[in-house]
file final.cif (mmCIF, C-alpha atoms)
data_query
loop_
_atom_site.label_atom_id
_atom_site.label_comp_id
_atom_site.auth_asym_id
_atom_site.auth_seq_id
_atom_site.Cartn_x
_atom_site.Cartn_y
_atom_site.Cartn_z
CA MET E 1 294.61 177.06 107.40
CA HIS E 2 296.56 174.07 108.70
CA ILE E 3 298.56 172.21 106.03
CA ILE E 4 299.50 168.52 106.31
CA ARG E 5 302.02 166.94 103.96
CA GLN E 6 301.93 163.31 105.09
CA LEU E 7 299.71 160.74 106.71
CA PRO E 8 299.73 160.24 109.59
CA PRO E 9 300.53 163.92 110.19
CA GLN E 10 303.34 165.13 112.39
CA PRO E 11 302.44 165.99 116.00
CA PRO E 12 300.95 168.08 117.46
CA PHE E 13 298.17 167.89 114.82
CA GLN E 14 294.87 166.93 116.40
CA THR E 15 291.26 167.23 115.38
CA PRO E 16 288.56 165.46 117.40
CA ALA E 17 286.22 165.55 114.40
CA SER E 18 285.83 167.10 110.95
CA VAL E 19 283.84 167.12 107.73
CA LEU E 20 286.07 165.74 104.98
CA THR E 21 286.43 165.72 101.20
CA ILE E 22 288.98 163.92 99.00
CA GLY E 23 290.04 164.56 95.40
CA SER E 24 292.56 166.09 93.01
CA TYR E 25 290.83 169.49 93.03
CA ASP E 26 292.94 170.89 90.20
CA GLY E 27 291.77 174.37 89.25
CA ILE E 28 289.04 174.60 91.93
CA HIS E 29 286.24 174.98 89.37
CA ARG E 30 282.54 175.63 89.94
CA GLY E 31 281.83 171.96 90.73
CA HIS E 32 284.63 171.89 93.28
CA LYS E 33 283.31 175.08 94.85
CA ARG E 34 279.86 173.52 95.29
CA ILE E 35 281.40 170.63 97.23
CA ILE E 36 283.43 173.03 99.36
CA ALA E 37 280.32 175.12 100.09
CA GLU E 38 278.41 172.00 101.19
CA LEU E 39 281.42 170.92 103.25
CA LYS E 40 281.45 174.25 105.08
CA HIS E 41 277.69 174.16 105.74
CA ALA E 42 277.94 170.64 107.16
CA ALA E 43 280.96 171.54 109.30
CA ALA E 44 279.09 174.53 110.69
CA ARG E 45 276.19 172.28 111.72
CA TYR E 46 278.53 170.06 113.71
CA GLY E 47 280.78 172.86 114.93
CA VAL E 48 283.88 171.09 113.55
CA PRO E 49 286.60 172.08 111.04
CA THR E 50 286.52 171.41 107.32
CA ALA E 51 289.23 169.10 105.96
CA MET E 52 290.42 168.22 102.46
CA VAL E 53 292.76 165.47 101.30
CA THR E 54 294.27 166.05 97.89
CA PHE E 55 297.26 164.63 96.03
CA TYR E 56 300.38 165.69 94.16
CA PRO E 57 301.24 164.59 91.55
CA ARG E 58 297.79 163.85 90.17
CA PRO E 59 297.03 160.11 90.32
CA LYS E 60 296.34 160.02 86.55
CA VAL E 61 299.88 161.24 85.89
CA VAL E 62 301.53 158.74 88.23
CA LEU E 63 299.45 155.80 87.00
CA GLY E 64 300.06 156.58 83.33
CA ARG E 65 296.46 157.43 82.47
CA THR E 66 297.75 160.66 80.92
CA GLU E 67 301.12 161.35 79.29
CA VAL E 68 300.91 165.08 79.95
CA THR E 69 302.62 166.19 83.17
CA THR E 70 302.86 169.94 82.54
CA ASN E 71 299.17 170.81 82.57
CA TYR E 72 298.22 171.72 86.13
CA LEU E 73 295.61 174.45 86.29
CA THR E 74 296.89 175.24 89.77
CA THR E 75 300.30 174.49 91.22
CA VAL E 76 300.42 173.30 94.83
CA PRO E 77 301.11 176.81 96.21
CA GLU E 78 298.32 178.25 94.04
CA LYS E 79 295.89 175.56 95.17
CA LEU E 80 296.69 176.20 98.83
CA TRP E 81 296.26 179.95 98.30
CA LEU E 82 292.84 179.38 96.72
CA LEU E 83 291.67 176.94 99.38
CA GLU E 84 292.64 179.32 102.15
CA LYS E 85 290.65 182.07 100.42
CA LEU E 86 287.68 179.69 100.27
CA GLY E 87 287.86 179.14 104.01
CA LEU E 88 289.13 175.58 104.36
CA ASP E 89 290.49 174.77 107.82
CA ILE E 90 292.73 171.74 107.15
CA VAL E 91 294.30 170.68 103.84
CA ALA E 92 296.42 167.57 103.41
CA ILE E 93 298.61 167.52 100.27
CA ILE E 94 299.62 163.86 100.07
CA PRO E 95 302.53 162.76 97.84
CA PHE E 96 301.11 160.27 95.33
CA SER E 97 303.35 157.49 94.04
CA VAL E 98 303.08 154.07 92.40
CA GLU E 99 303.73 152.55 95.84
CA PHE E 100 301.04 154.67 97.49
CA ALA E 101 298.58 153.59 94.78
CA GLN E 102 298.88 150.01 96.07
CA THR E 103 297.26 150.97 99.39
CA PRO E 104 293.98 149.04 99.77
CA ALA E 105 290.91 151.27 100.02
CA GLU E 106 289.97 150.07 103.49
CA THR E 107 293.50 150.68 104.83
CA PHE E 108 293.51 154.23 103.52
CA VAL E 109 290.01 154.98 104.80
CA ARG E 110 290.91 153.73 108.28
CA GLN E 111 293.97 155.99 108.20
CA LEU E 112 291.74 158.93 107.27
CA VAL E 113 289.34 158.11 110.08
CA GLU E 114 292.17 157.87 112.62
CA THR E 115 293.54 161.23 111.44
CA PHE E 116 290.44 163.33 110.72
CA HIS E 117 287.59 161.56 112.58
CA PRO E 118 285.11 162.62 109.87
CA LYS E 119 281.44 163.06 110.64
CA GLU E 120 280.78 163.21 106.91
CA LEU E 121 282.70 162.54 103.70
CA TRP E 122 281.73 164.65 100.66
CA VAL E 123 282.65 163.41 97.16
CA GLY E 124 281.55 163.55 93.53
CA PRO E 125 279.44 160.78 91.92
CA ASN E 126 282.34 159.00 90.16
CA PHE E 127 284.70 159.06 93.12
CA LYS E 128 286.91 156.03 93.78
CA LEU E 129 290.02 155.49 95.87
CA GLY E 130 292.51 152.81 96.85
CA LYS E 131 294.25 150.00 95.01
CA GLY E 132 292.44 149.20 91.78
CA ARG E 133 290.07 152.09 92.59
CA ALA E 134 288.11 149.58 94.67
CA GLY E 135 286.86 152.20 97.11
CA ASP E 136 283.72 153.23 95.22
CA ILE E 137 280.64 154.92 96.67
CA PRO E 138 278.84 151.71 97.80
CA SER E 139 281.95 150.34 99.52
CA LEU E 140 282.67 153.70 101.13
CA ARG E 141 279.14 153.75 102.52
CA GLU E 142 279.66 150.28 103.97
CA MET E 143 282.88 151.46 105.62
CA GLY E 144 281.07 154.56 106.83
CA THR E 145 278.46 152.42 108.58
CA GLU E 146 281.22 150.51 110.35
CA LEU E 147 283.47 153.49 111.12
CA ASP E 148 280.71 156.00 111.91
CA PHE E 149 280.82 158.52 109.09
CA ARG E 150 278.24 159.45 106.48
CA VAL E 151 279.04 159.57 102.74
CA ASN E 152 277.43 162.42 100.82
CA VAL E 153 277.57 162.48 97.02
CA ILE E 154 277.09 165.79 95.23
CA ASP E 155 276.06 165.88 91.59
CA GLU E 156 278.46 167.26 89.00
CA GLU E 157 278.06 170.84 87.85
CA ILE E 158 276.75 171.25 84.29
CA ALA E 159 277.41 174.04 81.78
CA ASP E 160 275.85 173.98 78.30
CA GLY E 161 274.76 170.39 78.79
CA GLU E 162 278.29 169.17 79.59
CA ILE E 163 279.92 168.32 82.90
CA ILE E 164 282.35 170.92 84.20
CA SER E 165 285.63 169.10 84.68
CA SER E 166 289.30 169.98 84.98
CA THR E 167 289.86 168.11 81.69
CA ARG E 168 287.35 170.34 79.89
CA ILE E 169 288.95 173.45 81.40
CA ARG E 170 292.45 172.36 80.39
CA ALA E 171 291.29 171.99 76.79
CA ALA E 172 289.88 175.53 76.80
CA MET E 173 293.12 176.87 78.33
CA ALA E 174 295.23 175.11 75.73
CA ALA E 175 293.07 176.75 73.03
CA GLY E 176 293.52 180.20 74.60
CA ASP E 177 289.79 180.53 75.31
CA VAL E 178 290.23 182.18 78.70
CA ARG E 179 286.70 183.60 78.64
CA GLU E 180 285.36 180.04 78.59
CA VAL E 181 287.80 179.03 81.31
CA THR E 182 286.59 181.92 83.47
CA ARG E 183 282.98 180.81 82.98
CA LEU E 184 283.77 177.23 84.02
CA LEU E 185 285.96 178.19 86.95
CA GLY E 186 283.72 180.96 88.20
CA ALA E 187 286.89 183.06 88.45
CA TYR E 188 289.70 184.27 86.19
CA PRO E 189 292.42 181.71 85.49
CA PHE E 190 295.66 182.97 86.96
CA LEU E 191 299.40 182.64 87.41
CA ARG E 192 301.27 183.45 90.59
CA GLY E 193 305.00 183.88 90.23
CA LYS E 194 307.99 186.06 90.97
CA VAL E 195 309.22 188.77 88.61
CA LEU E 196 312.49 187.72 86.98
CA HIS E 197 315.44 189.78 85.82
CA GLY E 198 315.00 189.55 82.04
CA ALA E 199 316.79 190.93 78.98
CA GLN E 200 314.96 194.29 79.43
CA ARG E 201 314.27 194.34 75.69
CA GLY E 202 310.77 195.71 76.26
CA ARG E 203 312.19 198.72 78.05
CA THR E 204 314.42 199.55 75.08
CA ILE E 205 311.41 199.72 72.72
CA GLY E 206 309.23 201.74 75.08
CA PHE E 207 307.16 198.90 76.57
CA PRO E 208 308.81 197.70 79.78
CA THR E 209 307.58 194.31 80.90
CA ALA E 210 307.63 192.15 83.99
CA ASN E 211 308.92 188.69 83.07
CA ILE E 212 307.07 186.21 85.33
CA ALA E 213 308.57 182.93 86.53
CA VAL E 214 306.41 179.98 85.47
CA PRO E 215 306.61 176.64 87.34
CA PRO E 216 307.32 173.82 84.85
CA GLU E 217 304.09 171.96 85.69
CA LYS E 218 301.85 175.01 85.18
CA LEU E 219 299.43 175.07 82.24
CA LEU E 220 299.42 178.43 80.47
CA PRO E 221 296.93 179.61 77.87
CA ALA E 222 297.92 179.21 74.21
CA ASN E 223 300.69 181.49 72.99
CA GLY E 224 299.40 184.95 72.18
CA VAL E 225 298.58 188.36 73.58
CA TYR E 226 296.03 188.81 76.37
CA ALA E 227 294.24 191.55 78.26
CA THR E 228 295.10 190.84 81.90
CA TRP E 229 294.89 192.06 85.44
CA ILE E 230 298.01 191.99 87.56
CA TYR E 231 298.16 192.33 91.34
CA VAL E 232 301.31 193.91 92.78
CA HIS E 233 301.51 194.25 96.58
CA GLY E 234 297.78 193.45 96.65
CA LYS E 235 296.80 196.29 94.29
CA ARG E 236 295.23 195.54 90.91
CA TYR E 237 296.52 197.11 87.68
CA PRO E 238 295.37 196.69 84.06
CA ALA E 239 297.94 195.15 81.74
CA VAL E 240 298.62 193.51 78.40
CA THR E 241 300.52 190.22 78.48
CA ASN E 242 302.40 188.18 75.90
CA ILE E 243 302.85 184.43 76.20
CA GLY E 244 305.29 182.94 73.73
CA VAL E 245 308.80 182.70 72.36
CA ARG E 246 309.30 186.25 70.95
CA PRO E 247 309.78 185.08 67.33
CA THR E 248 310.60 188.61 66.12
CA PHE E 249 313.84 188.33 68.12
CA ASN E 250 314.42 184.69 67.04
CA GLU E 251 314.13 183.36 70.57
CA THR E 252 312.85 179.90 71.47
CA GLU E 253 312.23 179.88 75.22
CA ARG E 254 308.61 180.40 76.21
CA SER E 255 307.98 183.30 78.57
CA VAL E 256 305.24 185.39 80.14
CA GLU E 257 305.82 189.15 79.82
CA VAL E 258 303.42 191.65 81.37
CA HIS E 259 303.31 195.32 80.37
CA ILE E 260 301.54 197.11 83.24
CA PHE E 261 299.73 200.29 82.25
CA ASP E 262 300.71 203.53 83.98
CA PHE E 263 303.19 201.77 86.26
CA SER E 264 306.85 202.57 86.91
CA GLU E 265 307.85 200.67 90.08
CA ILE E 266 310.80 198.27 90.12
CA ILE E 267 309.33 194.91 91.16
CA TYR E 268 312.07 192.36 90.52
CA ASP E 269 311.79 189.28 92.80
CA GLN E 270 308.28 190.33 93.91
CA LEU E 271 305.47 187.77 93.91
CA VAL E 272 302.70 188.91 91.56
CA HIS E 273 299.32 187.51 90.55
CA VAL E 274 298.29 187.65 86.86
CA GLU E 275 294.70 186.99 85.74
CA TRP E 276 293.89 186.15 82.11
CA VAL E 277 290.83 188.09 80.94
CA GLU E 278 290.63 187.90 77.13
CA ARG E 279 292.83 186.76 74.26
CA LEU E 280 293.58 189.53 71.76
CA ARG E 281 295.48 187.63 69.11
CA SER E 282 297.90 184.79 68.46
CA GLU E 283 301.65 185.30 68.61
CA GLN E 284 303.22 186.42 65.36
CA LYS E 285 306.61 187.28 63.90
CA PHE E 286 307.15 190.81 62.58
CA ASP E 287 309.56 191.90 59.87
CA SER E 288 310.86 194.75 61.99
CA VAL E 289 310.95 196.05 65.54
CA GLU E 290 308.94 199.05 64.29
CA GLY E 291 306.17 196.72 63.10
CA LEU E 292 306.17 194.97 66.48
CA MET E 293 305.97 198.29 68.33
CA ALA E 294 303.02 199.44 66.22
CA GLN E 295 301.16 196.19 66.97
CA ILE E 296 301.94 196.42 70.70
CA ARG E 297 300.42 199.91 70.74
CA ARG E 298 297.26 198.52 69.14
CA ASP E 299 297.22 195.59 71.58
CA ALA E 300 297.62 197.95 74.54
CA ALA E 301 294.79 200.18 73.36
CA ARG E 302 292.49 197.21 72.87
CA ALA E 303 293.40 195.75 76.28
CA ARG E 304 292.63 199.08 77.95
CA GLU E 305 289.19 199.12 76.29
CA ILE E 306 288.39 195.56 77.36
CA LEU E 307 289.52 196.05 80.95
CA ALA E 308 287.78 199.40 81.31
CA ALA E 309 284.48 197.68 80.46
CA GLU E 310 285.20 194.51 82.45
CA VAL E 311 282.93 193.52 85.30
CA ALA E 312 285.30 191.76 87.71
CA VAL E 313 284.62 188.09 88.37
#
call {"tool": "encode", "arguments": {"input": "final.cif", "output": "structure tokens"}}
result
Amino acid sequence: MHIIRQLPPQPPFQTPASVLTIGSYDGIHRGHKRIIAELKHAAARYGVPTAMVTFYPRPKVVLGRTEVTTNYLTTVPEKLWLLEKLGLDIVAIIPFSVEFAQTPAETFVRQLVETFHPKELWVGPNFKLGKGRAGDIPSLREMGTELDFRVNVIDEEIADGEIISSTRIRAAMAAGDVREVTRLLGAYPFLRGKVLHGAQRGRTIGFPTANIAVPPEKLLPANGVYATWIYVHGKRYPAVTNIGVRPTFNETERSVEVHIFDFSEIIYDQLVHVEWVERLRSEQKFDSVEGLMAQIRRDAARAREILAAEVAV
């Protein structure tokens, strides 16, 4: 997958034609995957690459339409990893700023045409771009007639009578409802990060954990204990994971600690992939370390049961 980080791209990037989509694509949920599938089918008909233009930070954050900046379902590296798995050929991650937001729609579209030479542009029904969001579907179709590309609009994906959106998924994540998140994404929500050198407190009480680095912009599920999968060197292991501030030890910094079942390797500084499967309970403070240990044993047993019966998504 070829990655572009500015427009126009640095040489020697060239594509004589493509099929293009544009959007934030945070989380890559079921609706996003439908667009990507249609994009790939169209590209195959023409024999050209697929291309996506997406933005970081999200336009809503930059333009003040949301005050929350630490709620990305996927970080930029995670998004690129997902898109490569989905078979995209070209992805442009464009820095979004207040200045960039002043670009007129027609100017930006002409820049896209000069860069990607799209045969088709695939977007959702409420898509708009450019200064004042003036580049709506009718105006894009007019530009397409002039600049020789077709605009295809794909309907939004519905679940339980409601549109699947990144906003809806963020709300479920914040509530710790990772089963619902999995249903809306069509895949487990996940975290990719390196294993940090921690206080090794888990090891002293018989439950060694991998402390995972969390990018500041990443949205985690609500504090609590979860049944999880963890991938180490590409191999999947069952695990139980705590998200929180370890109140029993009077700590305040939020962390993600994964206890991997039947695992004894030293994996500091290794990149791992954690998938949230089911929430077991909320975080709680115990009167003693012994009480905490007893609860961890119960959590581990329950996580093993859940994961043993899990049909992988």
call {"tool": "resolve_selection", "arguments": {"input": "final.cif", "expression": "the PyMOL selection byres ((chain E and resi 251-266) around 9)", "output": "ChimeraX atom specification"}}
result
/E:202,207-214,223,228-230,237-250,267-268,274,300,304
call {"tool": "closest_residue", "arguments": {"input": "final.cif", "among": "E:Ala17, E:Ala294, E:Ile28, E:Phe55", "to": "E:Ile4", "atoms": "all atoms listed in the file"}}
result
E:Phe55
call {"tool": "residues_near_point", "arguments": {"input": "final.cif", "point": "(281.1, 171.2, 99.4)", "cutoff": "10 Å", "atoms": "only C-alpha atoms", "output": "MDAnalysis selection string"}}
result
chainID E and resid 19:21 31:43 50 121:124 152:154
call {"tool": "resolve_selection", "arguments": {"input": "final.cif", "expression": "the PyMOL selection byres ((chain E and resi 22) around 6)", "output": "list in words"}}
result
Thr21, Gly23, Met52, Val53 and Thr54 of chain E
call {"tool": "closest_residue", "arguments": {"input": "final.cif", "among": "E:Pro221, E:Pro189, E:Gly161, E:Pro77", "to": "E:Ile3", "atoms": "all atoms listed in the file"}}
result
E:Pro77
call {"tool": "residues_around", "arguments": {"input": "final.cif", "residues": "E:Arg168", "least_positions_apart": "4", "cutoff": "9 Å", "atoms": "all atoms listed in the file", "output": "ChimeraX atom specification"}}
result
/E:163-164,172-173,181,184
call {"tool": "closest_residue", "arguments": {"input": "final.cif", "among": "E:Leu219, E:Leu73, E:Ala105, E:Ala227", "to": "E:His29", "atoms": "all atoms listed in the file"}}
result
E:Leu73
call {"tool": "residues_around", "arguments": {"input": "final.cif", "residues": "E:Glu114", "least_positions_apart": "2", "cutoff": "12 Å", "atoms": "all atoms listed in the file", "output": "ChimeraX atom specification"}}
result
/E:7-9,13-18,107-112,116-118,147-149
call {"tool": "build_atoms", "arguments": {"input": "final.cif", "residues": "stretch 123-151 of chain E", "atoms": "N, CA and C atoms", "output": "CSV table (one decimal), in the frame of the given file"}}
result
chain,number,residue,atom,x,y,z
E,123,VAL,N,281.9,163.8,98.4
E,123,VAL,CA,282.6,163.4,97.2
E,123,VAL,C,281.7,163.6,96.0
E,124,GLY,N,282.3,163.5,94.8
E,124,GLY,CA,281.6,163.6,93.5
E,124,GLY,C,281.0,162.2,93.2
E,125,PRO,N,280.1,162.1,92.2
E,125,PRO,CA,279.4,160.8,91.9
E,125,PRO,C,280.3,159.7,91.4
E,126,ASN,N,281.5,160.0,90.8
E,126,ASN,CA,282.3,159.0,90.2
E,126,ASN,C,283.6,158.7,91.0
E,127,PHE,N,283.5,159.2,92.3
E,127,PHE,CA,284.7,159.1,93.1
E,127,PHE,C,285.1,157.6,93.4
E,128,LYS,N,286.4,157.3,93.4
E,128,LYS,CA,286.9,156.0,93.8
E,128,LYS,C,288.3,156.2,94.4
E,129,LEU,N,288.7,155.4,95.3
E,129,LEU,CA,290.0,155.5,95.9
E,129,LEU,C,290.6,154.1,96.2
E,130,GLY,N,291.9,154.1,96.4
E,130,GLY,CA,292.5,152.8,96.8
E,130,GLY,C,293.0,152.0,95.7
E,131,LYS,N,293.7,150.9,96.0
E,131,LYS,CA,294.2,150.0,95.0
E,131,LYS,C,293.2,149.5,94.1
E,132,GLY,N,293.4,149.6,92.8
E,132,GLY,CA,292.4,149.2,91.8
E,132,GLY,C,291.2,150.0,91.8
E,133,ARG,N,291.2,151.2,92.5
E,133,ARG,CA,290.1,152.1,92.6
E,133,ARG,C,288.9,151.3,93.2
E,134,ALA,N,289.2,150.4,94.1
E,134,ALA,CA,288.1,149.6,94.7
E,134,ALA,C,287.2,150.3,95.6
E,135,GLY,N,287.7,151.5,96.1
E,135,GLY,CA,286.9,152.2,97.1
E,135,GLY,C,285.8,153.1,96.4
E,136,ASP,N,284.8,152.5,95.9
E,136,ASP,CA,283.7,153.2,95.2
E,136,ASP,C,282.7,153.7,96.2
E,137,ILE,N,281.6,154.3,95.8
E,137,ILE,CA,280.6,154.9,96.7
E,137,ILE,C,280.0,153.8,97.5
E,138,PRO,N,279.5,152.7,96.9
E,138,PRO,CA,278.8,151.7,97.8
E,138,PRO,C,279.8,151.2,98.9
E,139,SER,N,281.0,150.9,98.5
E,139,SER,CA,282.0,150.3,99.5
E,139,SER,C,282.3,151.4,100.6
E,140,LEU,N,282.4,152.6,100.2
E,140,LEU,CA,282.7,153.7,101.1
E,140,LEU,C,281.5,153.8,102.1
E,141,ARG,N,280.3,153.7,101.6
E,141,ARG,CA,279.1,153.8,102.5
E,141,ARG,C,279.1,152.6,103.5
E,142,GLU,N,279.6,151.4,103.0
E,142,GLU,CA,279.7,150.3,104.0
E,142,GLU,C,280.7,150.6,105.1
E,143,MET,N,281.8,151.1,104.6
E,143,MET,CA,282.9,151.5,105.6
E,143,MET,C,282.4,152.6,106.5
E,144,GLY,N,281.6,153.5,106.0
E,144,GLY,CA,281.1,154.6,106.8
E,144,GLY,C,280.1,154.0,107.9
E,145,THR,N,279.4,153.0,107.6
E,145,THR,CA,278.5,152.4,108.6
E,145,THR,C,279.3,151.8,109.7
E,146,GLU,N,280.4,151.1,109.3
E,146,GLU,CA,281.2,150.5,110.4
E,146,GLU,C,282.0,151.5,111.2
E,147,LEU,N,282.5,152.6,110.5
E,147,LEU,CA,283.5,153.5,111.1
E,147,LEU,C,282.8,154.8,111.6
E,148,ASP,N,281.5,154.9,111.4
E,148,ASP,CA,280.7,156.0,111.9
E,148,ASP,C,281.0,157.3,111.2
E,149,PHE,N,280.9,157.3,109.9
E,149,PHE,CA,280.8,158.5,109.1
E,149,PHE,C,279.8,158.3,108.0
E,150,ARG,N,279.2,159.4,107.5
E,150,ARG,CA,278.2,159.4,106.5
E,150,ARG,C,278.9,159.9,105.2
E,151,VAL,N,278.5,159.2,104.1
E,151,VAL,CA,279.0,159.6,102.7
E,151,VAL,C,278.0,160.4,102.0
